[in-house]
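Trainee: Mind having a look at this structure? Questions to follow.
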Amino acid sequence: MILMKVCVIGLGRIGMPMAALCAAKGHTVIGVDKGEAALKAVADAEPLFEEEGLADTMRKNKPRLSATSDIAKAVAASDVVVVTIGTTITEDGKPVLDNAYDVARGIAEAKPRGKTVIFKPTLPLGTTRLLVAEIEKKSGLKCGKDFFAAFSPERIVEGKALEEMEHLPKVIGGMDAESARRAAEFYRTLGGEIVIVEKPEAAELVKLIDNSYRSTMFAFANDVALVCERWGLNAYDVVSAANQGYKRNNVKKPSCGVSGYCLTKDPLYLESGFASAAKERGFPSLWKRGRDINDYMPTHTLGLLKDALAESGRPLKGARVAICGATFKENVDDVRNSHGIRMADELRREGAEVSVWDPRAERIGFPRKKSAEDAFDGADAVVFTVPHDEFKPLDVASLAKKMRTPVIVDGWGLFTKLRGSKGYRCVGVG
């Protein structure tokens, strides 16, 4: 195997596992990040977040891991540059790419002659080509001749980053044939099948399809839940029956929110590439409609909460509400773009006294409850927003006896059998 010097720019939830995996495969790795905490995490071999096997991998390969805030210096010392920074959107859904262009200019400053640059962030269609043009403009070098560039999407699920980075197929869209070949040569050292597509835009679209498809499938389930609510049906039982023994169906479970760093953003990035088609036909894409549905679900769930409180004689203003689940999904510690936090923010704006219990998350921004008993004690309502493993075995019926106004909002179908029981009011999506 060819051993390389690898620069990983951006040491977040993608970059830090990527740096660790490269080091574990024998490469010498220089990580780049503007944050002092990330640089210290690499120096100490102690990651800033939970990720299976990451801390151990970093410790075992510490001699091959280093980090700096100087992009140009790190690029100059490397053979391969892997860009893993985050991208985001404005409040009205427009892509924000300033960070990506800053990185491109930093790479250009190093005069990356002979280097292979691989972009991994989620990008709107055509952005890799624009970033390469920026490097060419600022460095005076020519891609395909003086340096090489490709886009290769990251497709991992949080909690399984190292495993999936190694074993999932590597989709590569090179700016030219030689760029694709060089990117593939690097990825073969990490493991997994190599899938070369015709150009960067094809690889960019693969990434956008991944998360837009998932978001849209969840949206379908959430609309099924709204149908079931209006017809007095249990959505989880209906979905289970529709899937059981019928392989053509794979309907997802409905929920109170589909959120997180990727699923909230990627369908809107894809929509930016669909804008002319949407304008021509007069309506947006399926994935944009799906995103609208998913964004509505926290609002719908809060409506269920308000109705249940009102029926119990308790106004929302001044009500004590405990949110169980601050992360964007189950069994992770990531609270970025979390629907649970969004719901907590909205409840606080409307005058409720809000607290949060999440055994997985550290930085929440609300008064923190230490346990289920603590969350239920004296509460007027308890809202379950994610299906953490810690939540599933709870004896909610017994815990409800500790509440001031026993209203339980089940956002994930964890306690559907308790709906309609006496002694407390249990409501939920579907």
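So you can find residues: chains in the structure tokens are A, B, ... in the order shown, residues in each start at 1, and ligands are numbered from 1 in order.
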Do a neighbour search on Ala400 of chain A at 12 Å with only C-alpha atoms, toss out local chain neighbours closer than 3 positions, and write the hits as a PyMOL selection string.
Mentor: chain A and resi 372-382+394-397+403-409+418+421-426
Trainee: Next, the residues of the selection above should be written as an mmCIF file, in the first residue's frame with N, CA and C atoms.
Mentor:
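Output file again_15.cif is given in full below:
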data_model
loop_
_atom_site.group_PDB
_atom_site.id
_atom_site.type_symbol
_atom_site.label_atom_id
_atom_site.label_comp_id
_atom_site.auth_asym_id
_atom_site.auth_seq_id
_atom_site.Cartn_x
_atom_site.Cartn_y
_atom_site.Cartn_z
ATOM 1 N N ALA A 372 -35.031 10.486 34.574
ATOM 2 C CA ALA A 372 -36.455 10.464 34.252
ATOM 3 C C ALA A 372 -37.274 10.932 35.439
ATOM 4 N N GLU A 373 -36.940 10.472 36.638
ATOM 5 C CA GLU A 373 -37.671 10.872 37.840
ATOM 6 C C GLU A 373 -37.604 12.384 38.030
ATOM 7 N N ASP A 374 -36.444 12.942 37.782
ATOM 8 C CA ASP A 374 -36.246 14.391 37.906
ATOM 9 C C ASP A 374 -37.072 15.134 36.870
ATOM 10 N N ALA A 375 -37.136 14.593 35.651
ATOM 11 C CA ALA A 375 -37.898 15.243 34.582
ATOM 12 C C ALA A 375 -39.396 15.242 34.869
ATOM 13 N N PHE A 376 -39.905 14.122 35.383
ATOM 14 C CA PHE A 376 -41.348 13.999 35.634
ATOM 15 C C PHE A 376 -41.784 14.720 36.903
ATOM 16 N N ASP A 377 -40.903 14.853 37.855
ATOM 17 C CA ASP A 377 -41.271 15.387 39.163
ATOM 18 C C ASP A 377 -41.787 16.823 39.067
ATOM 19 N N GLY A 378 -43.067 17.022 39.357
ATOM 20 C CA GLY A 378 -43.673 18.343 39.367
ATOM 21 C C GLY A 378 -43.977 18.926 38.009
ATOM 22 N N ALA A 379 -43.751 18.164 36.933
ATOM 23 C CA ALA A 379 -43.992 18.686 35.583
ATOM 24 C C ALA A 379 -45.479 18.684 35.245
ATOM 25 N N ASP A 380 -45.853 19.618 34.382
ATOM 26 C CA ASP A 380 -47.202 19.618 33.827
ATOM 27 C C ASP A 380 -47.274 18.807 32.541
ATOM 28 N N ALA A 381 -46.149 18.733 31.843
ATOM 29 C CA ALA A 381 -46.094 17.945 30.610
ATOM 30 C C ALA A 381 -44.676 17.448 30.395
ATOM 31 N N VAL A 382 -44.577 16.248 29.855
ATOM 32 C CA VAL A 382 -43.297 15.658 29.465
ATOM 33 C C VAL A 382 -43.407 15.293 27.985
ATOM 34 N N LEU A 394 -38.905 2.907 30.086
ATOM 35 C CA LEU A 394 -39.436 3.689 31.199
ATOM 36 C C LEU A 394 -40.860 3.262 31.562
ATOM 37 N N ASP A 395 -41.132 3.219 32.849
ATOM 38 C CA ASP A 395 -42.490 2.951 33.351
ATOM 39 C C ASP A 395 -43.190 4.308 33.463
ATOM 40 N N VAL A 396 -43.691 4.755 32.343
ATOM 41 C CA VAL A 396 -44.278 6.091 32.265
ATOM 42 C C VAL A 396 -45.513 6.215 33.146
ATOM 43 N N ALA A 397 -46.292 5.146 33.244
ATOM 44 C CA ALA A 397 -47.501 5.179 34.076
ATOM 45 C C ALA A 397 -47.153 5.485 35.531
ATOM 46 N N MET A 403 -46.139 13.838 38.520
ATOM 47 C CA MET A 403 -46.379 15.082 37.791
ATOM 48 C C MET A 403 -47.454 15.928 38.462
ATOM 49 N N ARG A 404 -47.393 17.237 38.214
ATOM 50 C CA ARG A 404 -48.434 18.136 38.713
ATOM 51 C C ARG A 404 -49.671 18.037 37.831
ATOM 52 N N THR A 405 -49.464 18.088 36.515
ATOM 53 C CA THR A 405 -50.542 17.884 35.544
ATOM 54 C C THR A 405 -50.064 16.779 34.610
ATOM 55 N N PRO A 406 -50.571 15.579 34.733
ATOM 56 C CA PRO A 406 -49.979 14.453 33.996
ATOM 57 C C PRO A 406 -50.330 14.423 32.507
ATOM 58 N N VAL A 407 -49.580 15.228 31.720
ATOM 59 C CA VAL A 407 -49.707 15.214 30.262
ATOM 60 C C VAL A 407 -48.408 14.675 29.681
ATOM 61 N N ILE A 408 -48.508 13.634 28.870
ATOM 62 C CA ILE A 408 -47.349 13.024 28.232
ATOM 63 C C ILE A 408 -47.540 13.113 26.727
ATOM 64 N N VAL A 409 -46.535 13.669 26.055
ATOM 65 C CA VAL A 409 -46.572 13.792 24.595
ATOM 66 C C VAL A 409 -45.523 12.850 24.014
ATOM 67 N N LEU A 418 -50.316 3.281 25.944
ATOM 68 C CA LEU A 418 -50.774 4.023 27.121
ATOM 69 C C LEU A 418 -51.819 5.085 26.770
ATOM 70 N N SER A 421 -55.375 5.735 28.570
ATOM 71 C CA SER A 421 -55.359 5.209 29.937
ATOM 72 C C SER A 421 -55.848 6.258 30.932
ATOM 73 N N LYS A 422 -56.335 5.806 32.067
ATOM 74 C CA LYS A 422 -56.812 6.706 33.102
ATOM 75 C C LYS A 422 -55.652 7.141 34.001
ATOM 76 N N GLY A 423 -55.784 8.312 34.592
ATOM 77 C CA GLY A 423 -54.799 8.807 35.534
ATOM 78 C C GLY A 423 -53.801 9.768 34.923
ATOM 79 N N TYR A 424 -53.748 9.824 33.612
ATOM 80 C CA TYR A 424 -52.874 10.765 32.909
ATOM 81 C C TYR A 424 -53.367 10.873 31.473
ATOM 82 N N ARG A 425 -52.903 11.896 30.793
ATOM 83 C CA ARG A 425 -53.304 12.115 29.404
ATOM 84 C C ARG A 425 -52.081 11.887 28.524
ATOM 85 N N CYS A 426 -52.095 10.847 27.706
ATOM 86 C CA CYS A 426 -50.981 10.538 26.802
ATOM 87 C C CYS A 426 -51.438 10.759 25.360
#
Trainee: Please identify all polymer residues within 12 Å of Val75 of chain A, counting only C-alpha atoms, omitting same-chain residues fewer than 2 positions from it, and present them as a VMD selection string.
Mentor: chain A and resid 5 to 9 29 to 32 67 to 73 77 to 83 103 to 117 147
Trainee: With C-alpha atoms retained, write the just-selected residues as a PDB file, in the first residue's frame.
Mentor:
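Final output, result.pdb:
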ATOM      1  CA  LYS A   5       0.906  12.573   3.793  1.00  0.00           C
ATOM      2  CA  VAL A   6      -2.734  13.582   4.191  1.00  0.00           C
ATOM      3  CA  CYS A   7      -4.135  16.983   5.143  1.00  0.00           C
ATOM      4  CA  VAL A   8      -7.685  16.919   6.553  1.00  0.00           C
ATOM      5  CA  ILE A   9      -9.273  20.380   6.637  1.00  0.00           C
ATOM      6  CA  VAL A  29      -2.048  13.099   8.931  1.00  0.00           C
ATOM      7  CA  ILE A  30      -2.098  16.851   9.510  1.00  0.00           C
ATOM      8  CA  GLY A  31      -5.519  18.111  10.607  1.00  0.00           C
ATOM      9  CA  VAL A  32      -6.551  21.723  10.106  1.00  0.00           C
ATOM     10  CA  ALA A  67      -3.080  19.484  13.863  1.00  0.00           C
ATOM     11  CA  THR A  68      -2.634  23.148  13.019  1.00  0.00           C
ATOM     12  CA  SER A  69      -4.726  26.215  12.210  1.00  0.00           C
ATOM     13  CA  ASP A  70      -2.503  27.069   9.197  1.00  0.00           C
ATOM     14  CA  ILE A  71      -4.135  25.703   6.018  1.00  0.00           C
ATOM     15  CA  ALA A  72      -1.354  26.716   3.647  1.00  0.00           C
ATOM     16  CA  LYS A  73       1.336  25.158   5.820  1.00  0.00           C
ATOM     17  CA  ALA A  77       3.385  19.446   3.621  1.00  0.00           C
ATOM     18  CA  SER A  78       0.848  16.968   2.170  1.00  0.00           C
ATOM     19  CA  ASP A  79       0.244  14.793  -0.881  1.00  0.00           C
ATOM     20  CA  VAL A  80      -3.543  14.610  -0.519  1.00  0.00           C
ATOM     21  CA  VAL A  81      -5.859  17.307   0.823  1.00  0.00           C
ATOM     22  CA  VAL A  82      -9.288  16.181   2.090  1.00  0.00           C
ATOM     23  CA  VAL A  83     -11.768  19.009   2.732  1.00  0.00           C
ATOM     24  CA  VAL A 103     -10.667  27.022   2.328  1.00  0.00           C
ATOM     25  CA  ALA A 104     -10.171  27.138  -1.448  1.00  0.00           C
ATOM     26  CA  ARG A 105      -8.195  30.366  -1.069  1.00  0.00           C
ATOM     27  CA  GLY A 106      -6.142  28.823   1.749  1.00  0.00           C
ATOM     28  CA  ILE A 107      -5.300  25.861  -0.487  1.00  0.00           C
ATOM     29  CA  ALA A 108      -4.361  28.210  -3.306  1.00  0.00           C
ATOM     30  CA  GLU A 109      -1.995  30.112  -1.028  1.00  0.00           C
ATOM     31  CA  ALA A 110       0.062  26.916  -0.653  1.00  0.00           C
ATOM     32  CA  LYS A 111       0.528  26.659  -4.454  1.00  0.00           C
ATOM     33  CA  PRO A 112      -0.673  23.022  -4.417  1.00  0.00           C
ATOM     34  CA  ARG A 113       1.478  21.756  -7.283  1.00  0.00           C
ATOM     35  CA  GLY A 114       1.203  17.987  -7.524  1.00  0.00           C
ATOM     36  CA  LYS A 115      -1.426  17.769  -4.774  1.00  0.00           C
ATOM     37  CA  THR A 116      -4.756  15.944  -4.992  1.00  0.00           C
ATOM     38  CA  VAL A 117      -7.617  17.918  -3.458  1.00  0.00           C
ATOM     39  CA  PHE A 147      -2.858  19.906  -9.295  1.00  0.00           C
TER      40      PHE A 147
END
Trainee: Need the shell around segment 294-304 of chain A: protein/DNA/RNA residues with any atom at most 6 Å away, counting only C-alpha atoms. Skip same-chain ones fewer than 4 positions apart. Format as JSON, numbers by chain?
Mentor: {"A": [219, 256, 257, 258]}
Trainee: Write the residues of the preceding selection, restricted to C-alpha atoms, as a compact mmCIF listing (two decimals), in the first residue's frame.
Mentor:
# COMPACT_ATOMS: atom_id res chain seq x y z
CA ALA A 219 -42.20 12.99 5.27
CA CYS A 256 -42.44 14.67 15.77
CA GLY A 257 -39.46 15.88 13.74
CA VAL A 258 -36.88 15.09 11.08
Trainee: Taking only segment 321-428 of chain A into account, list the residues labelled alpha helix (DSSP H) by DSSP (computed from the backbone), as a list of chain:residue names.
Mentor: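 Matching residues, listed in order: A:His339, A:Gly340, A:Ile341, A:Arg342, A:Met343, A:Ala344, A:Asp345, A:Glu346, A:Leu347, A:Arg348, A:Arg349, A:Ala372, A:Glu373, A:Asp374, A:Ala375, A:Phe376, A:Val396, A:Ala397, A:Ser398, A:Leu399.
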Trainee: What would the file look like if the residues just selected were written as a short mmCIF file (atom, residue, chain, number, x, y, z; two decimals), in the first residue's frame with N, CA and C atoms?
Mentor:
data_model
loop_
_atom_site.label_atom_id
_atom_site.label_comp_id
_atom_site.auth_asym_id
_atom_site.auth_seq_id
_atom_site.Cartn_x
_atom_site.Cartn_y
_atom_site.Cartn_z
N HIS A 339 -34.82 19.22 16.40
CA HIS A 339 -36.23 19.61 16.54
C HIS A 339 -36.62 19.70 18.01
N GLY A 340 -35.98 18.90 18.88
CA GLY A 340 -36.27 19.01 20.31
C GLY A 340 -35.89 20.36 20.87
N ILE A 341 -34.72 20.86 20.49
CA ILE A 341 -34.30 22.19 20.93
C ILE A 341 -35.20 23.26 20.32
N ARG A 342 -35.58 23.07 19.07
CA ARG A 342 -36.51 24.02 18.44
C ARG A 342 -37.83 24.09 19.21
N MET A 343 -38.34 22.94 19.61
CA MET A 343 -39.59 22.90 20.37
C MET A 343 -39.41 23.56 21.74
N ALA A 344 -38.28 23.31 22.38
CA ALA A 344 -38.01 23.92 23.67
C ALA A 344 -37.94 25.43 23.55
N ASP A 345 -37.29 25.92 22.50
CA ASP A 345 -37.20 27.36 22.26
C ASP A 345 -38.59 27.98 22.09
N GLU A 346 -39.44 27.32 21.30
CA GLU A 346 -40.78 27.84 21.05
C GLU A 346 -41.61 27.85 22.33
N LEU A 347 -41.51 26.80 23.11
CA LEU A 347 -42.25 26.75 24.38
C LEU A 347 -41.80 27.85 25.33
N ARG A 348 -40.52 28.11 25.38
CA ARG A 348 -40.01 29.17 26.25
C ARG A 348 -40.50 30.54 25.77
N ARG A 349 -40.52 30.74 24.44
CA ARG A 349 -41.02 32.01 23.90
C ARG A 349 -42.48 32.23 24.28
N ALA A 372 -35.03 10.49 34.57
CA ALA A 372 -36.46 10.46 34.25
C ALA A 372 -37.27 10.93 35.44
N GLU A 373 -36.94 10.47 36.64
CA GLU A 373 -37.67 10.87 37.84
C GLU A 373 -37.60 12.38 38.03
N ASP A 374 -36.44 12.94 37.78
CA ASP A 374 -36.25 14.39 37.91
C ASP A 374 -37.07 15.13 36.87
N ALA A 375 -37.14 14.59 35.65
CA ALA A 375 -37.90 15.24 34.58
C ALA A 375 -39.40 15.24 34.87
N PHE A 376 -39.91 14.12 35.38
CA PHE A 376 -41.35 14.00 35.63
C PHE A 376 -41.78 14.72 36.90
N VAL A 396 -43.69 4.75 32.34
CA VAL A 396 -44.28 6.09 32.27
C VAL A 396 -45.51 6.21 33.15
N ALA A 397 -46.29 5.15 33.24
CA ALA A 397 -47.50 5.18 34.08
C ALA A 397 -47.15 5.48 35.53
N SER A 398 -46.08 4.89 36.04
CA SER A 398 -45.67 5.15 37.42
C SER A 398 -45.05 6.54 37.55
N LEU A 399 -44.23 6.92 36.57
CA LEU A 399 -43.59 8.23 36.61
C LEU A 399 -44.61 9.37 36.55
#
Trainee: Have a look at A:Gly273, A:Gly140, A:Gly191, A:Gly93 and name the one nearest to Leu205 of chain A; count only C-alpha atoms.
Mentor: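 Smallest distance to Leu205 of chain A is found for A:Gly273.
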Trainee: Mind listing the strand (DSSP E or B) residues of segment 57-225 of chain A, per DSSP on the backbone, as a ChimeraX atom specification?
Mentor: /A:65-68,80-83,88-89,95-96,116-119,143,147-151,170-174,194-197
Trainee: Would you save the residues from that selection as a compact mmCIF listing (two decimals), in the first residue's frame, using C-alpha atoms?
Mentor:
# COMPACT_ATOMS: atom_id res chain seq x y z
CA LEU A 65 -1.72 12.59 13.99
CA SER A 66 -1.03 16.31 14.32
CA ALA A 67 -3.08 19.48 13.86
CA THR A 68 -2.63 23.15 13.02
CA VAL A 80 -3.54 14.61 -0.52
CA VAL A 81 -5.86 17.31 0.82
CA VAL A 82 -9.29 16.18 2.09
CA VAL A 83 -11.77 19.01 2.73
CA THR A 88 -24.98 25.67 6.01
CA ILE A 89 -28.04 27.60 4.83
CA PRO A 95 -26.75 27.93 0.59
CA VAL A 96 -23.96 29.63 2.56
CA THR A 116 -4.76 15.94 -4.99
CA VAL A 117 -7.62 17.92 -3.46
CA ILE A 118 -10.76 15.99 -2.51
CA PHE A 119 -13.88 17.94 -1.51
CA CYS A 143 -6.27 21.70 -12.46
CA PHE A 147 -2.86 19.91 -9.30
CA PHE A 148 -5.81 17.53 -9.23
CA ALA A 149 -9.30 17.75 -7.74
CA ALA A 150 -12.39 15.63 -7.21
CA PHE A 151 -15.60 15.53 -5.21
CA LYS A 170 -16.39 5.61 -2.37
CA VAL A 171 -18.14 7.65 -5.06
CA ILE A 172 -15.65 9.85 -6.94
CA GLY A 173 -16.28 12.57 -9.49
CA GLY A 174 -13.01 13.94 -10.81
CA ILE A 194 -14.51 2.54 -5.74
CA VAL A 195 -17.33 4.02 -7.86
CA ILE A 196 -16.14 6.59 -10.40
CA VAL A 197 -18.83 8.81 -11.93
Trainee: With a distance cut-off of 8 Å and only C-alpha atoms, select the neighbouring residues of segment 356-370 of chain A, excluding the residue or stretch itself and same-chain residues fewer than 4 positions from it, and output the selection as number ranges by chain.
Mentor: A: 322-327, 331-335, 341, 374-375, 390
Trainee: Can you work out which one of A:Ala225, A:Met175, A:Ala20, A:Val157 has the shortest atom-to-atom distance to Asn211 of chain A, counting only C-alpha atoms?
Mentor: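 Under the stated criterion, the closest residue is A:Val157.
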Trainee: Rank nothing, just name the residue among A:Lys60, A:Lys265, A:Arg230, A:Arg336 nearest to Ser215 of chain A, using only C-alpha atoms.
Mentor: A:Lys265
Trainee: List the neighbours of Pro63 of chain A out to 12 Å using only C-alpha atoms; skip same-chain residues closer than 5 positions along the sequence, and give me the result as a PyMOL selection string.
Mentor: chain A and resi 20+23-24+26-30+42-45+57-58
Trainee: For the residues in that selection, give me N, CA and C atoms as a CSV table (one decimal), in the first residue's frame.
Mentor:
chain,number,residue,atom,x,y,z
A,20,ALA,N,-8.5,10.1,11.8
A,20,ALA,CA,-8.1,8.9,12.6
A,20,ALA,C,-8.0,7.7,11.7
A,23,ALA,N,-4.8,7.8,9.6
A,23,ALA,CA,-3.7,7.5,10.5
A,23,ALA,C,-3.6,6.0,10.8
A,24,ALA,N,-4.8,5.4,11.0
A,24,ALA,CA,-4.9,4.0,11.3
A,24,ALA,C,-4.4,3.1,10.1
A,26,GLY,N,-2.0,4.0,8.2
A,26,GLY,CA,-0.6,4.2,8.1
A,26,GLY,C,-0.1,5.5,7.5
A,27,HIS,N,-1.1,6.3,7.1
A,27,HIS,CA,-0.8,7.6,6.5
A,27,HIS,C,-0.3,8.6,7.7
A,28,THR,N,0.5,9.6,7.3
A,28,THR,CA,0.8,10.7,8.2
A,28,THR,C,-0.2,11.8,8.0
A,29,VAL,N,-0.9,12.2,9.1
A,29,VAL,CA,-2.0,13.1,8.9
A,29,VAL,C,-1.8,14.4,9.6
A,30,ILE,N,-2.1,15.5,8.9
A,30,ILE,CA,-2.1,16.9,9.5
A,30,ILE,C,-3.5,17.4,9.4
A,42,VAL,N,-7.0,16.7,19.0
A,42,VAL,CA,-6.1,15.9,18.3
A,42,VAL,C,-4.8,15.7,19.1
A,43,ALA,N,-4.3,16.8,19.6
A,43,ALA,CA,-3.0,16.7,20.4
A,43,ALA,C,-3.2,15.7,21.6
A,44,ASP,N,-4.3,15.7,22.2
A,44,ASP,CA,-4.6,14.9,23.4
A,44,ASP,C,-5.2,13.5,23.0
A,45,ALA,N,-5.5,13.3,21.7
A,45,ALA,CA,-6.2,12.1,21.3
A,45,ALA,C,-7.5,11.9,22.0
A,57,THR,N,-9.0,4.7,18.4
A,57,THR,CA,-8.2,4.8,17.2
A,57,THR,C,-7.3,6.0,17.2
A,58,MET,N,-7.7,7.1,17.8
A,58,MET,CA,-6.9,8.3,17.9
A,58,MET,C,-5.7,8.0,18.8
Trainee: Compile the contact shell of Leu190 of chain A as a PDB file with C-alpha atoms, in the first residue's frame: residues with an atom at most 10 Å away, counting only C-alpha atoms, same-chain residues fewer than 3 positions apart removed.
Mentor:
ATOM      1  CA  MET A   1       0.000   0.000   0.000  1.00  0.00           C
ATOM      2  CA  MET A  18     -11.398  10.729   8.599  1.00  0.00           C
ATOM      3  CA  LEU A  21      -8.922   6.378   9.833  1.00  0.00           C
ATOM      4  CA  CYS A  22      -6.140   7.703   7.595  1.00  0.00           C
ATOM      5  CA  ALA A  23      -3.680   7.465  10.487  1.00  0.00           C
ATOM      6  CA  ALA A  24      -4.877   3.951  11.279  1.00  0.00           C
ATOM      7  CA  LYS A  25      -4.118   2.953   7.679  1.00  0.00           C
ATOM      8  CA  GLY A  26      -0.550   4.174   8.100  1.00  0.00           C
ATOM      9  CA  HIS A  27      -0.756   7.633   6.550  1.00  0.00           C
ATOM     10  CA  MET A 165     -15.801   5.411   6.135  1.00  0.00           C
ATOM     11  CA  GLU A 166     -13.785   2.247   5.700  1.00  0.00           C
ATOM     12  CA  HIS A 167     -16.383  -0.056   4.187  1.00  0.00           C
ATOM     13  CA  LYS A 170     -16.386   5.609  -2.370  1.00  0.00           C
ATOM     14  CA  GLU A 185      -5.646   5.660  -5.554  1.00  0.00           C
ATOM     15  CA  PHE A 186      -5.957   7.400  -2.200  1.00  0.00           C
ATOM     16  CA  TYR A 187      -9.337   5.881  -1.349  1.00  0.00           C
ATOM     17  CA  GLU A 193     -15.500  -0.290  -3.375  1.00  0.00           C
TER      18      GLU A 193
END
Trainee: In Å, how far is it from atom CA of Phe274 of chain A to atom CA of Val206 of chain A?
Mentor: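 Atom CA of Phe274 of chain A sits 14.5 Å away from atom CA of Val206 of chain A.
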Trainee: Of the candidates A:Ala76, A:Lys138, A:Gly192, A:Ser312, which shows the shortest atom-to-atom distance to Asp102 of chain A, using only C-alpha atoms?
Mentor: A:Lys138
Trainee: Looking at only C-alpha atoms, which of A:Leu11, A:Tyr261, A:Thr189, A:Ser152 is the one that sits closest to Lys40 of chain A?
Mentor: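 Once distances to Lys40 of chain A are computed over only C-alpha atoms, the minimum belongs to A:Leu11.
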Trainee: Between A:Arg289, A:Arg188, A:Arg181, A:Arg129, which has the minimum distance to Leu168 of chain A (counting only C-alpha atoms)?
Mentor: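 Among A:Arg289, A:Arg188, A:Arg181, A:Arg129, it is A:Arg188 that comes nearest to Leu168 of chain A.
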